[in-house]
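Undergrad: File upload-v4.txt follows (compact mmCIF, C-alpha atoms):
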# COMPACT_ATOMS: atom_id res chain seq x y z
CA MET A 1 2.68 5.35 19.03
CA ALA A 2 2.52 3.54 22.38
CA ARG A 3 1.15 0.04 22.01
CA TRP A 4 -1.51 0.55 24.65
CA LEU A 5 -2.94 3.44 22.62
CA ARG A 6 -3.87 1.15 19.72
CA PRO A 7 -7.29 0.22 21.19
CA LEU A 8 -8.05 3.93 21.68
CA VAL A 9 -7.06 4.73 18.11
CA GLY A 10 -9.25 1.85 16.99
CA ALA A 11 -12.23 3.61 18.54
CA LEU A 12 -12.10 5.96 15.56
CA LEU A 13 -13.51 3.10 13.51
CA LEU A 14 -17.26 3.22 13.90
CA LEU A 15 -18.59 0.16 15.64
CA GLU A 16 -21.91 0.30 13.85
CA GLY A 17 -20.07 -0.34 10.59
CA ALA A 18 -19.94 -4.03 11.48
CA ALA A 19 -23.73 -4.28 11.29
CA ALA A 20 -23.72 -3.96 7.49
CA LEU A 21 -21.30 -6.86 7.01
CA SER A 22 -22.32 -10.43 6.22
CA PHE A 23 -20.17 -12.99 8.00
CA LEU A 24 -20.35 -15.84 5.51
CA HIS A 25 -17.96 -17.93 3.46
CA HIS A 26 -18.04 -16.76 -0.16
CA ARG A 27 -17.62 -19.15 -3.08
CA TYR A 28 -16.09 -17.67 -6.24
CA GLU A 29 -19.33 -16.31 -7.75
CA GLU A 30 -20.38 -14.90 -4.39
CA MET A 31 -16.98 -13.29 -3.90
CA VAL A 32 -17.21 -11.62 -7.30
CA GLN A 33 -20.71 -10.38 -6.51
CA ALA A 34 -19.49 -8.96 -3.18
CA LEU A 35 -16.68 -7.07 -4.91
CA PHE A 36 -18.96 -5.60 -7.55
CA ARG A 37 -21.52 -4.69 -4.88
CA VAL A 38 -18.88 -2.62 -3.08
CA GLN A 39 -17.89 -1.00 -6.37
CA SER A 40 -21.51 -0.07 -7.09
CA GLN A 41 -21.93 1.40 -3.60
CA CYS A 42 -18.74 3.49 -3.82
CA PRO A 43 -18.32 4.08 -7.56
CA TYR A 44 -16.28 7.27 -7.25
CA VAL A 45 -13.51 5.82 -5.07
CA THR A 46 -13.30 2.21 -6.30
CA ARG A 47 -12.36 0.24 -9.38
CA ILE A 48 -12.34 -3.49 -10.13
CA TYR A 49 -9.75 -4.99 -12.44
CA SER A 50 -8.40 -8.45 -13.19
CA ILE A 51 -4.68 -9.19 -13.29
CA GLY A 52 -5.18 -12.47 -15.12
CA ARG A 53 -6.82 -15.87 -14.80
CA SER A 54 -6.24 -19.01 -12.76
CA VAL A 55 -5.49 -22.41 -14.28
CA GLU A 56 -9.23 -23.12 -14.50
CA GLY A 57 -10.00 -19.70 -15.96
CA ARG A 58 -11.25 -17.79 -12.92
CA HIS A 59 -10.39 -14.10 -12.86
CA LEU A 60 -7.90 -12.87 -10.27
CA TYR A 61 -9.85 -9.78 -9.31
CA VAL A 62 -8.50 -6.75 -7.48
CA LEU A 63 -10.61 -4.03 -5.86
CA GLU A 64 -8.90 -0.64 -5.81
CA PHE A 65 -9.70 2.23 -3.44
CA SER A 66 -8.51 5.72 -4.39
CA ASP A 67 -9.90 9.23 -4.82
CA TYR A 68 -8.81 8.84 -8.47
CA PRO A 69 -9.37 5.14 -9.25
CA GLY A 70 -7.22 3.80 -12.05
CA ILE A 71 -4.70 6.66 -11.83
CA HIS A 72 -1.38 6.84 -10.04
CA GLU A 73 -1.07 10.25 -8.43
CA PRO A 74 2.51 11.45 -7.92
CA LEU A 75 3.61 11.13 -4.28
CA GLU A 76 0.62 8.93 -3.41
CA PRO A 77 1.90 5.49 -2.36
CA GLU A 78 0.54 2.19 -3.68
CA PHE A 79 -0.46 -0.50 -1.15
CA LYS A 80 -1.70 -4.06 -1.63
CA TYR A 81 -3.27 -6.92 0.32
CA VAL A 82 -3.28 -10.44 -1.14
CA GLY A 83 -5.42 -13.20 0.36
CA ASN A 84 -6.11 -16.90 -0.15
CA MET A 85 -2.74 -17.71 -1.76
CA HIS A 86 -3.24 -21.17 -0.32
CA GLY A 87 -6.75 -22.17 -1.33
CA ASN A 88 -7.63 -23.79 2.00
CA GLU A 89 -6.46 -20.84 4.10
CA VAL A 90 -9.64 -18.86 3.82
CA LEU A 91 -9.82 -16.36 6.68
CA GLY A 92 -7.75 -13.79 4.79
CA ARG A 93 -10.14 -14.02 1.85
CA GLU A 94 -13.13 -13.27 4.06
CA LEU A 95 -11.34 -10.53 6.01
CA LEU A 96 -10.43 -8.71 2.79
CA LEU A 97 -14.04 -8.84 1.63
CA GLN A 98 -15.08 -7.47 5.03
CA LEU A 99 -12.40 -4.78 4.80
CA SER A 100 -13.64 -3.77 1.35
CA GLU A 101 -17.20 -3.34 2.60
CA PHE A 102 -15.96 -1.55 5.69
CA LEU A 103 -13.83 0.98 3.80
CA CYS A 104 -16.73 1.75 1.47
CA GLU A 105 -19.27 2.06 4.25
CA GLU A 106 -17.07 4.23 6.47
CA TYR A 107 -16.15 6.46 3.54
CA ARG A 108 -19.84 7.01 2.85
CA ARG A 109 -20.40 7.77 6.54
CA GLY A 110 -17.71 10.45 6.44
CA ASN A 111 -15.27 8.71 8.79
CA GLU A 112 -12.32 11.15 8.74
CA ARG A 113 -9.68 8.50 9.25
CA ILE A 114 -10.92 6.28 6.42
CA THR A 115 -11.55 9.25 4.11
CA ARG A 116 -8.00 10.48 4.63
CA LEU A 117 -6.63 6.99 4.07
CA ILE A 118 -8.45 6.57 0.75
CA HIS A 119 -7.57 10.09 -0.43
CA ASP A 120 -3.88 9.72 0.46
CA THR A 121 -3.30 6.08 -0.53
CA ARG A 122 -4.01 3.91 -3.55
CA ILE A 123 -5.16 0.63 -1.97
CA HIS A 124 -5.33 -2.63 -3.95
CA ILE A 125 -7.18 -5.60 -2.43
CA MET A 126 -6.99 -9.10 -3.97
CA PRO A 127 -9.19 -11.41 -1.86
CA SER A 128 -8.12 -14.59 -3.65
CA MET A 129 -4.90 -15.44 -5.48
CA ASN A 130 -5.90 -19.10 -5.65
CA PRO A 131 -9.64 -19.30 -6.44
CA ASP A 132 -9.30 -22.82 -7.90
CA GLY A 133 -7.80 -24.22 -4.71
CA TYR A 134 -10.48 -22.48 -2.66
CA GLU A 135 -13.26 -24.24 -4.55
CA VAL A 136 -11.65 -27.62 -3.78
CA ALA A 137 -11.37 -26.74 -0.10
CA ALA A 138 -14.88 -25.28 0.07
CA LYS A 139 -16.44 -28.50 -1.27
CA GLN A 140 -15.09 -30.25 1.83
CA GLY A 141 -16.40 -27.52 4.12
CA PRO A 142 -14.99 -26.28 7.43
CA ASP A 143 -15.85 -29.42 9.40
CA SER A 144 -14.17 -32.06 7.23
CA ASN A 145 -11.53 -30.01 5.45
CA GLY A 146 -8.16 -31.73 5.26
CA TYR A 147 -5.07 -29.78 6.33
CA LEU A 148 -3.78 -29.76 2.75
CA THR A 149 -7.04 -30.09 0.80
CA GLY A 150 -7.16 -27.23 -1.71
CA ARG A 151 -3.84 -25.74 -0.60
CA ASN A 152 -2.28 -25.88 -4.08
CA ASN A 153 -3.59 -24.53 -7.38
CA ALA A 154 -5.35 -26.70 -9.98
CA ASN A 155 -1.98 -27.98 -11.24
CA GLY A 156 -1.08 -29.17 -7.75
CA VAL A 157 1.54 -26.45 -7.24
CA ASP A 158 2.09 -24.52 -4.01
CA LEU A 159 2.01 -20.90 -5.18
CA ASN A 160 4.16 -19.77 -2.26
CA ARG A 161 6.97 -22.04 -3.51
CA ASN A 162 6.62 -20.95 -7.13
CA PHE A 163 8.32 -17.56 -7.47
CA PRO A 164 11.80 -17.27 -9.02
CA ASP A 165 14.42 -18.05 -6.39
CA LEU A 166 16.14 -14.68 -6.14
CA ASN A 167 17.42 -15.46 -2.64
CA THR A 168 19.95 -17.92 -4.04
CA PHE A 169 21.20 -15.33 -6.53
CA MET A 170 21.29 -12.73 -3.76
CA TYR A 171 23.29 -14.93 -1.39
CA TYR A 172 25.79 -15.76 -4.12
CA SER A 173 26.07 -12.19 -5.39
CA GLY A 174 26.64 -11.05 -1.82
CA GLU A 175 29.92 -12.95 -1.89
CA ILE A 176 31.01 -10.86 -4.90
CA SER A 177 29.56 -7.56 -3.62
CA GLY A 178 26.48 -7.81 -5.80
CA PRO A 179 23.08 -6.21 -5.13
CA ASN A 180 20.24 -7.47 -2.94
CA HIS A 181 17.62 -5.37 -4.70
CA HIS A 182 16.04 -5.31 -8.15
CA ILE A 183 17.68 -8.60 -9.02
CA PRO A 184 16.89 -9.49 -12.65
CA LEU A 185 14.77 -12.54 -13.35
CA PRO A 186 16.22 -15.70 -14.90
CA ASP A 187 15.87 -15.88 -18.69
CA ASN A 188 13.45 -18.82 -18.54
CA TRP A 189 11.39 -17.70 -15.55
CA LYS A 190 8.02 -17.64 -17.35
CA SER A 191 8.25 -21.35 -18.13
CA GLN A 192 8.83 -22.13 -14.44
CA VAL A 193 5.82 -20.42 -12.86
CA GLU A 194 2.09 -21.06 -12.71
CA PRO A 195 -0.52 -18.77 -14.35
CA GLU A 196 -1.42 -17.24 -10.99
CA THR A 197 2.23 -16.56 -10.14
CA LEU A 198 2.87 -15.10 -13.59
CA ALA A 199 -0.11 -12.79 -13.19
CA VAL A 200 1.14 -11.55 -9.80
CA ILE A 201 4.69 -10.96 -11.07
CA GLN A 202 3.38 -8.94 -14.01
CA TRP A 203 1.07 -7.07 -11.63
CA ILE A 204 3.79 -6.05 -9.19
CA SER A 205 5.99 -5.10 -12.13
CA SER A 206 3.30 -2.72 -13.40
CA TYR A 207 2.58 -0.89 -10.14
CA ASN A 208 5.15 0.76 -7.91
CA PHE A 209 3.92 -0.88 -4.71
CA VAL A 210 5.49 0.39 -1.49
CA LEU A 211 4.01 -1.86 1.20
CA SER A 212 2.11 -5.15 1.15
CA ALA A 213 0.91 -8.10 3.19
CA ASN A 214 -0.22 -11.55 2.14
CA LEU A 215 -2.73 -13.28 4.39
CA HIS A 216 -2.40 -16.95 5.40
CA GLY A 217 -3.67 -19.34 8.07
CA GLY A 218 -2.51 -22.22 10.24
CA ALA A 219 -0.76 -20.06 12.85
CA VAL A 220 -1.15 -16.62 14.43
CA VAL A 221 1.97 -14.51 13.84
CA ALA A 222 3.29 -11.65 11.68
CA ASN A 223 6.18 -13.03 9.64
CA TYR A 224 8.80 -10.84 7.94
CA PRO A 225 11.74 -11.43 5.52
CA TYR A 226 13.93 -13.15 4.84
CA ASP A 227 11.99 -16.37 4.58
CA LYS A 228 14.92 -18.31 3.17
CA SER A 229 18.05 -19.00 5.19
CA GLN A 230 21.41 -18.67 3.48
CA ASP A 231 22.53 -21.86 5.18
CA GLN A 232 19.94 -23.78 3.19
CA ARG A 233 22.14 -23.39 0.16
CA PHE A 234 24.73 -25.61 1.78
CA ARG A 235 22.70 -28.07 3.80
CA SER A 236 19.86 -30.32 2.76
CA HIS A 237 18.46 -30.73 6.27
CA ARG A 238 16.08 -28.28 7.84
CA ARG A 239 17.57 -25.40 9.82
CA THR A 240 16.07 -22.44 11.61
CA VAL A 241 18.49 -19.53 11.42
CA ASN A 242 17.53 -15.87 11.86
CA THR A 243 18.17 -14.29 8.46
CA PRO A 244 17.58 -10.53 8.62
CA THR A 245 17.31 -8.13 5.71
CA PRO A 246 19.16 -4.79 5.72
CA ASP A 247 15.77 -3.35 6.79
CA ASP A 248 15.33 -5.75 9.70
CA LYS A 249 14.38 -3.15 12.32
CA LEU A 250 11.86 -1.60 9.96
CA PHE A 251 10.33 -4.99 9.20
CA GLN A 252 10.05 -5.74 12.90
CA LYS A 253 8.23 -2.45 13.41
CA LEU A 254 5.84 -3.21 10.53
CA ALA A 255 5.12 -6.68 11.93
CA LYS A 256 4.56 -5.30 15.44
CA THR A 257 2.16 -2.70 14.08
CA TYR A 258 -0.13 -5.50 12.95
CA SER A 259 0.52 -7.76 15.93
CA TYR A 260 -0.23 -5.15 18.60
CA ALA A 261 -3.30 -3.82 16.79
CA HIS A 262 -4.62 -7.41 16.57
CA GLY A 263 -6.87 -8.78 19.27
CA TRP A 264 -4.42 -11.38 20.58
CA MET A 265 -1.52 -11.94 18.15
CA HIS A 266 0.86 -9.84 20.28
CA ARG A 267 0.41 -12.11 23.29
CA GLY A 268 2.74 -14.61 21.68
CA TRP A 269 1.13 -17.90 22.70
CA ASN A 270 -1.11 -19.08 19.88
CA CYS A 271 -1.85 -22.44 18.26
CA GLY A 272 0.61 -24.18 20.58
CA ASP A 273 3.51 -21.95 19.44
CA TYR A 274 5.18 -18.98 21.07
CA PHE A 275 6.45 -15.95 19.15
CA ALA A 276 7.70 -12.98 21.18
CA ASP A 277 5.51 -9.93 20.41
CA GLY A 278 3.59 -12.12 17.95
CA ILE A 279 6.22 -11.68 15.22
CA THR A 280 8.97 -13.78 13.67
CA ASN A 281 11.70 -13.65 11.08
CA GLY A 282 10.65 -16.16 8.43
CA ALA A 283 13.88 -18.15 8.25
CA SER A 284 14.07 -18.18 12.05
CA TRP A 285 10.73 -20.04 12.04
CA TYR A 286 11.62 -22.30 9.12
CA SER A 287 13.38 -21.74 5.82
CA LEU A 288 11.09 -21.28 2.83
CA SER A 289 12.32 -21.16 -0.77
CA LYS A 290 10.70 -19.30 -3.69
CA GLY A 291 8.23 -17.43 -1.47
CA MET A 292 6.30 -14.31 -2.44
CA GLN A 293 7.39 -11.92 0.34
CA ASP A 294 11.12 -12.34 -0.32
CA PHE A 295 10.47 -11.99 -4.04
CA ASN A 296 8.74 -8.63 -3.47
CA TYR A 297 11.71 -7.31 -1.50
CA LEU A 298 14.40 -8.59 -3.88
CA TYR A 299 12.71 -7.74 -7.18
CA THR A 300 10.59 -4.63 -6.56
CA ASN A 301 10.37 -1.57 -4.29
CA CYS A 302 7.73 -3.31 -2.18
CA PHE A 303 8.18 -4.30 1.47
CA GLU A 304 5.92 -7.29 2.16
CA ILE A 305 5.17 -9.33 5.27
CA THR A 306 3.15 -12.53 5.70
CA LEU A 307 0.27 -12.56 8.16
CA GLU A 308 -0.75 -15.89 9.69
CA LEU A 309 -4.19 -15.15 11.08
CA SER A 310 -5.86 -18.27 12.47
CA CYS A 311 -5.04 -21.66 13.95
CA ASN A 312 -7.90 -23.11 11.94
CA LYS A 313 -7.23 -22.74 8.24
CA PHE A 314 -10.96 -22.92 7.39
CA PRO A 315 -12.76 -21.47 10.42
CA PRO A 316 -16.52 -21.99 10.76
CA GLU A 317 -18.83 -19.13 9.83
CA GLU A 318 -19.80 -18.51 13.44
CA ASP A 319 -16.17 -17.54 14.15
CA LEU A 320 -15.85 -15.02 11.29
CA GLU A 321 -17.31 -12.04 13.15
CA ARG A 322 -14.96 -12.54 16.11
CA GLN A 323 -12.01 -12.81 13.72
CA TRP A 324 -13.08 -9.64 11.90
CA MET A 325 -13.27 -7.67 15.12
CA ALA A 326 -9.80 -8.95 16.08
CA ASN A 327 -8.27 -7.95 12.74
CA ARG A 328 -10.18 -4.83 11.73
CA GLU A 329 -7.99 -2.22 13.42
CA ALA A 330 -4.83 -4.12 12.47
CA LEU A 331 -5.78 -4.19 8.78
CA VAL A 332 -6.31 -0.43 8.74
CA ALA A 333 -3.29 0.40 10.90
CA PHE A 334 -1.00 -1.62 8.65
CA ILE A 335 -2.14 0.30 5.56
CA GLU A 336 -1.30 3.53 7.38
CA GLU A 337 2.30 2.32 7.78
CA VAL A 338 2.85 3.10 4.08
CA HIS A 339 2.99 6.77 5.14
CA GLN A 340 6.36 6.83 6.89
CA GLY A 341 9.97 7.47 5.93
CA ILE A 342 10.73 9.77 3.00
CA LYS A 343 9.21 10.41 -0.40
CA GLY A 344 9.77 12.89 -3.18
CA MET A 345 10.30 13.61 -6.85
CA VAL A 346 13.41 12.99 -8.92
CA SER A 347 13.69 15.34 -11.91
CA ASP A 348 16.26 16.92 -14.20
CA GLU A 349 17.15 20.61 -14.43
CA ASN A 350 14.12 21.22 -16.67
CA ASN A 351 11.76 19.57 -14.15
CA ASN A 352 11.32 16.49 -16.33
CA ALA A 353 10.65 13.37 -14.28
CA ILE A 354 13.44 10.79 -14.09
CA ALA A 355 12.11 7.25 -13.87
CA GLY A 356 14.27 4.47 -12.51
CA ALA A 357 16.52 6.74 -10.45
CA VAL A 358 18.21 4.82 -7.64
CA ILE A 359 17.59 6.02 -4.08
CA SER A 360 20.27 4.85 -1.65
CA VAL A 361 20.32 5.31 2.11
CA GLN A 362 23.71 5.32 3.78
CA GLY A 363 24.05 2.41 6.18
CA ILE A 364 21.16 0.40 4.67
CA SER A 365 22.34 -1.71 1.77
CA HIS A 366 19.01 -1.96 -0.03
CA ASP A 367 18.04 0.56 -2.71
CA ILE A 368 14.71 1.50 -4.22
CA THR A 369 13.95 3.26 -7.51
CA SER A 370 11.71 6.08 -8.67
CA GLY A 371 8.54 5.25 -10.57
CA ASP A 372 7.43 6.19 -14.06
CA MET A 373 6.43 9.68 -12.92
CA GLY A 374 9.71 10.25 -11.10
CA ASP A 375 8.26 9.86 -7.61
CA TYR A 376 9.80 7.55 -5.03
CA PHE A 377 8.89 6.22 -1.61
CA ARG A 378 11.43 4.92 0.91
CA LEU A 379 10.07 3.44 4.16
CA LEU A 380 12.31 4.34 7.09
CA LEU A 381 12.16 4.43 10.86
CA PRO A 382 12.43 7.81 12.62
CA GLY A 383 15.99 9.13 12.54
CA THR A 384 18.49 11.13 10.52
CA TYR A 385 19.65 9.72 7.19
CA THR A 386 22.03 10.51 4.36
CA VAL A 387 20.22 9.81 1.10
CA THR A 388 21.60 9.76 -2.44
CA ALA A 389 19.72 9.83 -5.75
CA SER A 390 21.53 8.69 -8.90
CA ALA A 391 20.60 7.96 -12.50
CA ASP A 392 22.47 7.10 -15.67
CA GLY A 393 23.61 10.24 -17.45
CA TYR A 394 23.22 12.48 -14.39
CA GLN A 395 25.34 13.62 -11.50
CA SER A 396 24.26 12.05 -8.24
CA GLN A 397 22.90 14.22 -5.44
CA THR A 398 23.20 13.58 -1.70
CA VAL A 399 21.18 15.17 1.10
CA THR A 400 20.77 14.67 4.84
CA THR A 401 17.23 14.52 6.18
CA THR A 402 15.44 13.76 9.42
CA VAL A 403 12.46 11.41 9.53
CA GLY A 404 9.82 11.93 12.19
CA PRO A 405 7.31 9.47 13.67
CA ALA A 406 4.32 10.85 11.77
CA ALA A 407 4.04 11.83 8.11
CA PRO A 408 6.87 11.08 5.67
CA SER A 409 9.49 13.74 5.03
CA LEU A 410 9.47 15.31 1.56
CA VAL A 411 12.89 15.08 -0.07
CA HIS A 412 13.07 16.11 -3.73
CA PHE A 413 16.07 15.63 -6.00
CA GLN A 414 16.95 17.66 -9.09
CA LEU A 415 19.81 15.99 -10.93
CA LYS A 416 22.18 17.80 -13.25
CA GLN A 417 23.10 16.18 -16.51
CA ASP A 418 26.51 14.54 -16.46
CA VAL A 419 28.61 16.31 -19.07
CA VAL A 420 31.66 14.12 -18.53
CA ARG A 421 32.11 11.82 -21.48
CA LYS A 422 32.38 8.25 -20.23
CA PRO A 423 34.92 5.84 -21.75
CA PRO A 424 33.57 2.97 -23.86
CA GLU A 425 32.01 0.26 -21.73
CA ARG A 426 34.20 -2.81 -21.40
CA LYS A 427 33.04 -6.35 -21.23
CA ALA A 428 32.67 -7.82 -17.78
CA SER A 429 35.88 -9.29 -16.44
CA GLY A 430 34.16 -12.14 -14.71
CA THR A 431 33.41 -10.56 -11.35
CA ARG A 432 29.71 -10.35 -12.24
CA MET A 433 27.71 -13.27 -13.53
CA SER A 434 24.47 -13.33 -15.46
CA ASN A 435 21.45 -15.07 -13.97
CA LYS A 436 21.89 -17.73 -16.64
CA ALA A 437 25.42 -18.42 -15.40
CA LEU A 438 24.27 -18.30 -11.79
CA GLN A 439 21.60 -20.88 -12.53
CA LYS A 440 24.26 -23.28 -13.76
CA LYS A 441 26.56 -22.56 -10.80
CA VAL A 442 24.00 -22.47 -7.99
CA VAL A 443 21.18 -24.99 -8.06
CA PRO A 444 18.31 -24.02 -5.72
CA ARG A 445 17.22 -26.67 -3.24
CA ALA A 446 13.64 -27.41 -2.26
CA THR A 447 13.66 -26.59 1.44
CA ARG A 448 10.06 -26.26 2.60
CA ARG A 449 8.71 -28.91 4.92
CA GLY A 450 6.04 -27.12 6.93
CA THR A 451 2.44 -26.37 5.99
CA GLN A 452 1.69 -22.76 6.84
CA ARG A 453 3.26 -20.01 4.70
Let me see the file written as structure tokens.

TA:
Amino acid sequence: MARWLRPLVGALLLLEGAAALSFLHHRYEEMVQALFRVQSQCPYVTRIYSIGRSVEGRHLYVLEFSDYPGIHEPLEPEFKYVGNMHGNEVLGRELLLQLSEFLCEEYRRGNERITRLIHDTRIHIMPSMNPDGYEVAAKQGPDSNGYLTGRNNANGVDLNRNFPDLNTFMYYSGEISGPNHHIPLPDNWKSQVEPETLAVIQWISSYNFVLSANLHGGAVVANYPYDKSQDQRFRSHRRTVNTPTPDDKLFQKLAKTYSYAHGWMHRGWNCGDYFADGITNGASWYSLSKGMQDFNYLYTNCFEITLELSCNKFPPEEDLERQWMANREALVAFIEEVHQGIKGMVSDENNNAIAGAVISVQGISHDITSGDMGDYFRLLLPGTYTVTASADGYQSQTVTTTVGPAAPSLVHFQLKQDVVRKPPERKASGTRMSNKALQKKVVPRATRRGTQR
């Protein structure tokens, strides 16, 4: 869609919907009340669940929107927003509460766009990943809040530097033709992460998320993977090197979707920085190790970007309505991006679903897998692709398909059982290394020096 059409598309969102919203900062109890109020107003299309607790015992609540809450419907993609990962970066928290109220209100009004979005997408909204840090920041208030006050969790850990460092394994395995997708976790990973991080990893392991964004503050830019530069493995000093994923063009398109639907992000000049089109490759900005967006891409099927939404990490309440109006269309438009590329079912000759089938796209060295029900979702730009589905014990199947600019193309696979008896599996000859061995060989460096992501 032409960028200049975004404001016209945004007109589909009813302006009077903003009147029902309360533009206030919400402490933990108030945030919980707001979530349950939305659930009570839209009980048939919402569900609230907790993925775990913070260090200080606060629930990490998620509000789900779906026409069948609590149920994964085959061929219906899963989407998530995560806010307030850094406790003192609070605009995302408030925007996600506003978005929750807005989706509910517009659904009740019969807004066709929002109704279609909720019926065709399973949307998960976590307003706060770091409720303990938020409470520390909120006690200071917007006027006297320090730049780092409340950033970390209650154990003093930066949650966006706390995920297993799969980038290091990926960069090493790339030298021996290893994968850059679904990289296994280190054996001792649970002992290395915080309760909030553990909860998120278990969460994204339980749902087959397709697209995601985590909301931050301190800049205004849409940031996409990779966050960590490969050069960081060899040099201790800070470097800014563009480090694209195999899906770089797709990630740029996803980032631009948000940037150009935003009130001013796309202009580039914000907070004293300039980013062309309002987007940046993470490592090109600065290299970040153990971040959440790279972890999503390297460990799961999910494509995640990081949204920096305000120069002021803790904006005053009088600025919240302006920020909501600037982000409202972008938040909805980005969810809609989950409906592009190809999707389909992978089954055997008896129409039994095959979970964990690998979907490979020729020319893009990053695979995704089918979910528990055999359905898969592969985000792709418009074009013609050669796609292969494979699974252990089955013959692979390859098809050529064309992806358009609108709805995803349906591409189903029915795999025949492999009747060829395979020879006994031999022990690895040393060309592949376990994560345990990689940990001994490659020691991750702490590389982060900035204060945004």

Undergrad: Residues of segment 231-307 of chain A that have any atom at most 12 Å from an atom of segment 66-79 of chain A: could you tabulate them with the shortest-distance atom pair and the distance in Å to one decimal, using all atoms listed in the file, ordered by chain and increasing number, as CSV?

TA:
residue,atom,partner,partner_atom,distance
A:Asn301,CA,A:Glu78,CA,10.5
A:Cys302,CA,A:Phe79,CA,8.7
A:Phe303,CA,A:Phe79,CA,9.8
A:Glu304,CA,A:Phe79,CA,9.9

Undergrad: Take the residues from that selection and put them in a file with C-alpha atoms, as a CSV table (one decimal), keeping the file's coordinate frame.

TA:
chain,number,residue,atom,x,y,z
A,301,ASN,CA,10.4,-1.6,-4.3
A,302,CYS,CA,7.7,-3.3,-2.2
A,303,PHE,CA,8.2,-4.3,1.5
A,304,GLU,CA,5.9,-7.3,2.2

Undergrad: If I take atom CA of Thr401 of chain A and atom CA of His119 of chain A, how far is one from the other in Å, to one decimal?

TA: 26.0 Å

Undergrad: Between segment 241-327 of chain A and segment 216-233 of chain A, at 7 Å or less, what are the per-residue closest atom pairs and their distances in Å? Count all atoms listed in the file, order by chain and rising residue number, and return it as a tab-separated table.

TA:
residue	atom	partner	partner_atom	distance
A:Val241	CA	A:Ser229	CA	6.3
A:Thr243	CA	A:Tyr226	CA	5.7
A:Pro244	CA	A:Tyr226	CA	5.9
A:Thr245	CA	A:Tyr226	CA	6.1
A:Phe251	CA	A:Tyr224	CA	6.2
A:Ala255	CA	A:Ala222	CA	5.3
A:Ser259	CA	A:Ala222	CA	6.4
A:Met265	CA	A:Val220	CA	6.0
A:Asn270	CA	A:Val220	CA	6.0
A:Cys271	CA	A:Ala219	CA	6.0
A:Gly278	CA	A:Val221	CA	5.0
A:Ile279	CA	A:Ala222	CA	4.6
A:Thr280	CA	A:Asn223	CA	5.0
A:Asn281	CA	A:Tyr224	CA	5.1
A:Gly282	CA	A:Asp227	CA	4.1
A:Ala283	CA	A:Asp227	CA	4.5
A:Ser287	CA	A:Lys228	CA	4.6
A:Leu288	CA	A:Lys228	CA	4.9
A:Ser289	CA	A:Lys228	CA	5.5
A:Gln293	CA	A:Pro225	CA	6.8
A:Asp294	CA	A:Tyr226	CA	5.9
A:Ile305	CA	A:Tyr224	CA	4.8
A:Thr306	CA	A:Asn223	CA	5.0
A:Leu307	CA	A:Ala222	CA	4.7
A:Glu308	CA	A:His216	CA	4.7
A:Leu309	CA	A:Val220	CA	4.8
A:Ser310	CA	A:Gly217	CA	5.0
A:Cys311	CA	A:Gly218	CA	4.5
A:Asn312	CA	A:Gly218	CA	5.7
A:Lys313	CA	A:Gly217	CA	4.9

Undergrad: So, with only C-alpha atoms as the atoms that count, which of A:Met85, A:Val399, A:Ile123, A:Val38 lies closest to Cys104 of chain A?

TA: A:Val38

Undergrad: Which polymer residues, protein or nucleic acid, are no farther than 10 Å from (1.7, -6.0, 21.0), counting only C-alpha atoms, as number ranges by chain?

TA: A: 2-4, 6, 255-268, 276-279

Undergrad: Closest to Glu194 of chain A among A:Ser54, A:Asn208, A:Asn214, A:Ser284, using only C-alpha atoms?

TA: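 Closest to Glu194 of chain A, using only C-alpha atoms: A:Ser54.
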
Undergrad: Which polymer residues have any atom within 6 Å of an atom of segment 366-378 of chain A, counting all atoms listed in the file, with same-chain residues fewer than 5 positions away left out, as number ranges by chain?

TA: A: 74-75, 181, 301, 341-346, 353-360

Undergrad: Around (-9.6, -9.6, -16.6) in the file's frame, which residues reach within 8 Å when counting only C-alpha atoms? Return as a PyMOL selection string?

TA: chain A and resi 49-53+59-61

Undergrad: Work out how far atom CA of Lys253 of chain A is from atom CA of Leu99 of chain A, in Å to one decimal.

TA: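 Here the two named atoms are 22.5 Å from each other.
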
Undergrad: Quick one: distance from atom CA of Glu89 of chain A to atom CA of Pro127 of chain A in Å, one decimal?

TA: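 Atom CA of Glu89 of chain A sits 11.5 Å away from atom CA of Pro127 of chain A.
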
Undergrad: How close does segment 152-244 of chain A get to segment 315-336 of chain A? List, as CSV, each residue of segment 152-244 of chain A within 10 Å, its nearest atom pair and the distance in Å to one decimal, counting all atoms listed in the file.

TA:
residue,atom,partner,partner_atom,distance
A:Leu211,CA,A:Ile335,CA,7.8
A:Ser212,CA,A:Ile335,CA,8.2
A:Ala213,CA,A:Phe334,CA,8.7
A:Gly217,CA,A:Pro315,CA,9.6

Undergrad: Tell me, as a list of chain:residue names, which residues lie within 10 Å of segment 135-140 of chain A, counting all atoms listed in the file; anything in the same chain fewer than 3 positions away does not count.

TA: A:His25, A:His26, A:Arg27, A:Tyr28, A:His86, A:Gly87, A:Asn88, A:Glu89, A:Val90, A:Asn130, A:Pro131, A:Asp132, A:Asp143, A:Ser144, A:Asn145, A:Gly146, A:Tyr147, A:Leu148, A:Thr149, A:Gly150, A:Arg151, A:Asn152, A:Asn153, A:Ala154, A:Phe314

Undergrad: Hey, what's within 10 Å of Gln98 of chain A if we count all atoms listed in the file and toss same-chain stuff fewer than 3 positions away? As a PyMOL selection string, please?

TA: chain A and resi 18+20-24+34+92-95+101-103+127+320-321+324+328

Undergrad: Determine the nearest neighbour of Ala407 of chain A from the options A:Gln395, A:Gln340, A:Asn111, A:Thr240, counting all atoms listed in the file.

TA: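 Once distances to Ala407 of chain A are computed over all atoms listed in the file, the minimum belongs to A:Gln340.
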